[in-house]
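Please read the structure below before turning to the comments.
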Amino acid sequence: MALYWLVLSLFFQTLHAHVDFFTSIGQMTDLLYTEKDLVTSLKDYIRAEESKLQQVKQWAEKLDSLTATAVQDPEGFLGHPVNAFKLMKRLNSEWADLESLVLKDTTDGFISNLTVQRQYFPTDEDQTGAAKALLRLQDTYKLSANVLSAGDLPGVVHKSRMTVEDCFELGKVAYSEADYYHTELWMTQALKQLDEGESSSVDKVTVMDYLSYAIYQQGEIDRALELTKRMLKLDPTHQRANSNLKYFEFQLEKQRKAEETEGKKEVKEEEKKKVDKRDVQMKRSKDPLPERKRYEQLCRGEGVRMTHRRWSRLFCRYQDNGRNPRLILAPVKEEDEWDRPRIVRYHNIISDYEISKVKELAKPRLRRATVHDPITGKLTTAQYRVSKSAWLTTDEHPVIERINQRIEDLTGLEMDTAEELQVANYGVGGQYEPHFDFGRKDEPDAFKELGTGNRIATWLFYMSDVAAGGATVFPDVGAAVWPKKGTAVFWYNLFASGEGDYSTRHAACPVLVGNKWVSNKWIHERGQEFRRPCGLSETE
């Protein structure tokens, strides 16, 4: 037993080093085993309690029968010396034994296990992060609250419905962020499920309290008033509702008089219909299609800008990169994914064994992914990058060395000055919003500490299939590349002149369903002088 607790303690010390569970599905799997262990411990506790209760029940039934007989003729019953002795014995000893049995604490094992494991549970930050991820998925993939609540997502294997409490919790998370758009969506869904008869510890008045305020904050005073009236039918003494009723009626009357005075009621009603609540909430730019919207469209598979003429010039081929000795007998399948910027995909470029080994090496080291702060030049976490990553060096396993050599063979670029292989696993709704891989002119110190120049190119392995979502998209050019296990994509971030190619601005779309694993190699300028000579024009 002592050895068991030692092993468990060491396991959780390792787990404790991992924070932000919601940023990595791979590490969240550990929590399932934690919960399974707790359930086993809980069942042991239940069995012990049931055994104790059974003993108490048998004792009670025996004495119930005995006392029922005894009280019919107390003196006659106690006239038997054995009965008198046994009464003394029961009250002096056996009831004390029963007391000890009832007071016996069977919770030690379960409580000890729970106490040990609780300190490694997800935090409030994890719960909030997972909730925000659901809101992000809802927006990106245009999912209704009803669809999400029902669990009707594409490619799901383990369907799961959301309860009233779940919907209410999402609404509260949005409310705490002053996100009244999503507050309305999820409080409305919670109220809908309550109206349909779902039992819940959350009552309708509480839900409507949040909902009416969220609707009011979005300028719909008439709807807020109707909800407030409905609240008061359920709870006529609700103090805030009574106060809001008077306020909303006053505001509506004030609004009506102003409209009558200005004679613009019909115009205002028409304008009200045109308001996009989400645009108001997100405070988006006046551009009818800003980057964020283009990004989300591409994530949904919409808005890909490839003409038939350009598409007809994309080809597939067997690539040996100028008869590279390692590729002559085993050329690689190369497919053109996009023309400008040129993005190519290599098929069957990494084996299942290599993928499992890379994941095995990376998983214990996964930490919250960071980005370069353009102001400080330091690495920092960011809300727009939800994943965990680890770095694997060439000399730690032959598989890593083999992978690096393969990249060099196919690209013809020097790997000695490239960054180490970065492995990333995306979390709930995991994403990396639009960004550049290379350092811009306003970031002269972006990679100064490496001393290897700018990032000339990016190589990206897809190490898992993704049931839904998770595409790599290029918003400026309308390109979308979908994950396919065992493949890799490659593109140049810099022109041959050394100037940055701004069309390579890209993003990793939120993972809707599935577990996304990737690994990438950022290749730098230094050492490429003769492998990719400078061009004579800026965009060559």
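Letters A, B, ... go to the chains of the structure tokens in the order shown; residues in each chain start at 1; ligands are counted from 1 in the same order.
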
Residues within 8 Å of A:Trp482, please, as an NGL selection string. Count only C-alpha atoms; anything in the same chain fewer than 5 positions from it doesn't count. :A and (470-472)

Hey, can you spit out that residue selection with all heavy atoms as a PDB file, in the first residue's frame?
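Produced file again-v7.pdb, reproduced below:
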ATOM      1  N   GLY A 470      -9.880  22.569 -37.510  1.00  0.00           N
ATOM      2  CA  GLY A 470      -8.431  22.389 -37.430  1.00  0.00           C
ATOM      3  C   GLY A 470      -7.651  22.671 -38.688  1.00  0.00           C
ATOM      4  O   GLY A 470      -6.474  22.308 -38.785  1.00  0.00           O
ATOM      5  N   ALA A 471      -8.264  23.324 -39.694  1.00  0.00           N
ATOM      6  CA  ALA A 471      -7.546  23.614 -40.943  1.00  0.00           C
ATOM      7  C   ALA A 471      -6.466  24.665 -40.723  1.00  0.00           C
ATOM      8  O   ALA A 471      -6.518  25.454 -39.775  1.00  0.00           O
ATOM      9  CB  ALA A 471      -8.525  24.089 -42.006  1.00  0.00           C
ATOM     10  N   THR A 472      -5.478  24.676 -41.618  1.00  0.00           N
ATOM     11  CA  THR A 472      -4.496  25.758 -41.679  1.00  0.00           C
ATOM     12  C   THR A 472      -4.942  26.677 -42.804  1.00  0.00           C
ATOM     13  O   THR A 472      -5.056  26.233 -43.955  1.00  0.00           O
ATOM     14  CB  THR A 472      -3.084  25.217 -41.975  1.00  0.00           C
ATOM     15  OG1 THR A 472      -2.744  24.220 -41.009  1.00  0.00           O
ATOM     16  CG2 THR A 472      -2.051  26.345 -41.936  1.00  0.00           C
TER      17      THR A 472
END

Long-range neighbours of stretch 96-101 of chain A as a VMD selection string, 12 Å cut-off, only C-alpha atoms, 4 positions minimum in chain: chain A and resid 48 to 49 51 to 60 89 to 92 105 to 106

With only C-alpha atoms as the atoms that count, which of A:Asn515, A:Asp442, A:Thr417, A:Asp437 lies nearest to A:Gly527?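 Among A:Asn515, A:Asp442, A:Thr417, A:Asp437, it is A:Thr417 that comes nearest to A:Gly527.
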
Quick check, in Å to one decimal: how far apart do atom CA of A:Lys484 and atom CA of A:Leu329 lie?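 Taking atom CA of A:Lys484 as the start and atom CA of A:Leu329 as the end point, the length is 24.6 Å.
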
If you run DSSP on the backbone here, which positions in stretch 174-203 of chain A get alpha helix (DSSP H)? Please write them as a list of chain:residue names.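 Here is the list: A:Ala174, A:Tyr175, A:Ser176, A:Tyr180, A:Tyr181, A:His182, A:Thr183, A:Glu184, A:Leu185, A:Trp186, A:Met187, A:Thr188, A:Gln189, A:Ala190, A:Leu191, A:Lys192, A:Gln193, A:Leu194, A:Asp195.
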
Please list as an NGL selection string every residue within 9 Å of A:Asp139, counting only C-alpha atoms and excluding residues in the same chain fewer than 4 positions away. :A and (134-135 or 143-144 or 278 or 296)

Generate the output file for the selected residues, N, CA, C and O atoms, as a PDB file, in the first residue's frame.
ATOM      1  N   LEU A 134     -15.811  26.821 -26.163  1.00  0.00           N
ATOM      2  CA  LEU A 134     -17.110  26.485 -26.751  1.00  0.00           C
ATOM      3  C   LEU A 134     -17.735  27.701 -27.432  1.00  0.00           C
ATOM      4  O   LEU A 134     -18.328  27.590 -28.510  1.00  0.00           O
ATOM      5  N   LEU A 135     -17.588  28.868 -26.801  1.00  0.00           N
ATOM      6  CA  LEU A 135     -18.124  30.097 -27.412  1.00  0.00           C
ATOM      7  C   LEU A 135     -17.382  30.418 -28.707  1.00  0.00           C
ATOM      8  O   LEU A 135     -17.978  30.865 -29.689  1.00  0.00           O
ATOM      9  N   LEU A 143     -22.521  27.751 -35.093  1.00  0.00           N
ATOM     10  CA  LEU A 143     -23.329  26.728 -34.461  1.00  0.00           C
ATOM     11  C   LEU A 143     -24.339  27.373 -33.531  1.00  0.00           C
ATOM     12  O   LEU A 143     -23.996  28.261 -32.754  1.00  0.00           O
ATOM     13  N   SER A 144     -25.569  26.929 -33.592  1.00  0.00           N
ATOM     14  CA  SER A 144     -26.575  27.458 -32.667  1.00  0.00           C
ATOM     15  C   SER A 144     -26.358  26.854 -31.288  1.00  0.00           C
ATOM     16  O   SER A 144     -25.762  25.779 -31.142  1.00  0.00           O
ATOM     17  N   ARG A 278     -23.532  40.283 -33.025  1.00  0.00           N
ATOM     18  CA  ARG A 278     -22.170  39.808 -32.798  1.00  0.00           C
ATOM     19  C   ARG A 278     -21.150  40.858 -33.213  1.00  0.00           C
ATOM     20  O   ARG A 278     -20.119  41.043 -32.578  1.00  0.00           O
ATOM     21  N   GLU A 296     -12.633  33.051 -40.316  1.00  0.00           N
ATOM     22  CA  GLU A 296     -13.701  32.150 -39.891  1.00  0.00           C
ATOM     23  C   GLU A 296     -14.382  31.491 -41.091  1.00  0.00           C
ATOM     24  O   GLU A 296     -14.759  30.313 -41.030  1.00  0.00           O
TER      25      GLU A 296
END

A:Gln189, A:Val71, A:Ala457, A:Ala131 ranked by distance to A:Ala150, top pick (using only C-alpha atoms):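 Answer, going by the shortest atom-to-atom distance: A:Gln189.
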
Among A:His506, A:Ser497, A:Gln117, A:Ser201, A:Leu31 is approached most closely, using only C-alpha atoms, by A:Gln117

Please provide as a list in words all residues within 9 Å of A:Phe490, with the sequence filter that same-chain residues fewer than 2 positions apart are discarded (counting only C-alpha atoms).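 The residues that qualify are Arg342, Ile343, Val344, Arg345, Tyr346, Thr411, Ala457, Thr458, Trp459, Leu460, Phe461, Ala488 and Tyr492 of chain A.
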
May I have the residues within 7 Å of stretch 529-536 of chain A as a list in words, using only C-alpha atoms and disregarding those fewer than 6 positions away in the same chain?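 Contacts, with the query itself left out: Gly412, Leu413, Ala496 and Ser497 of chain A.
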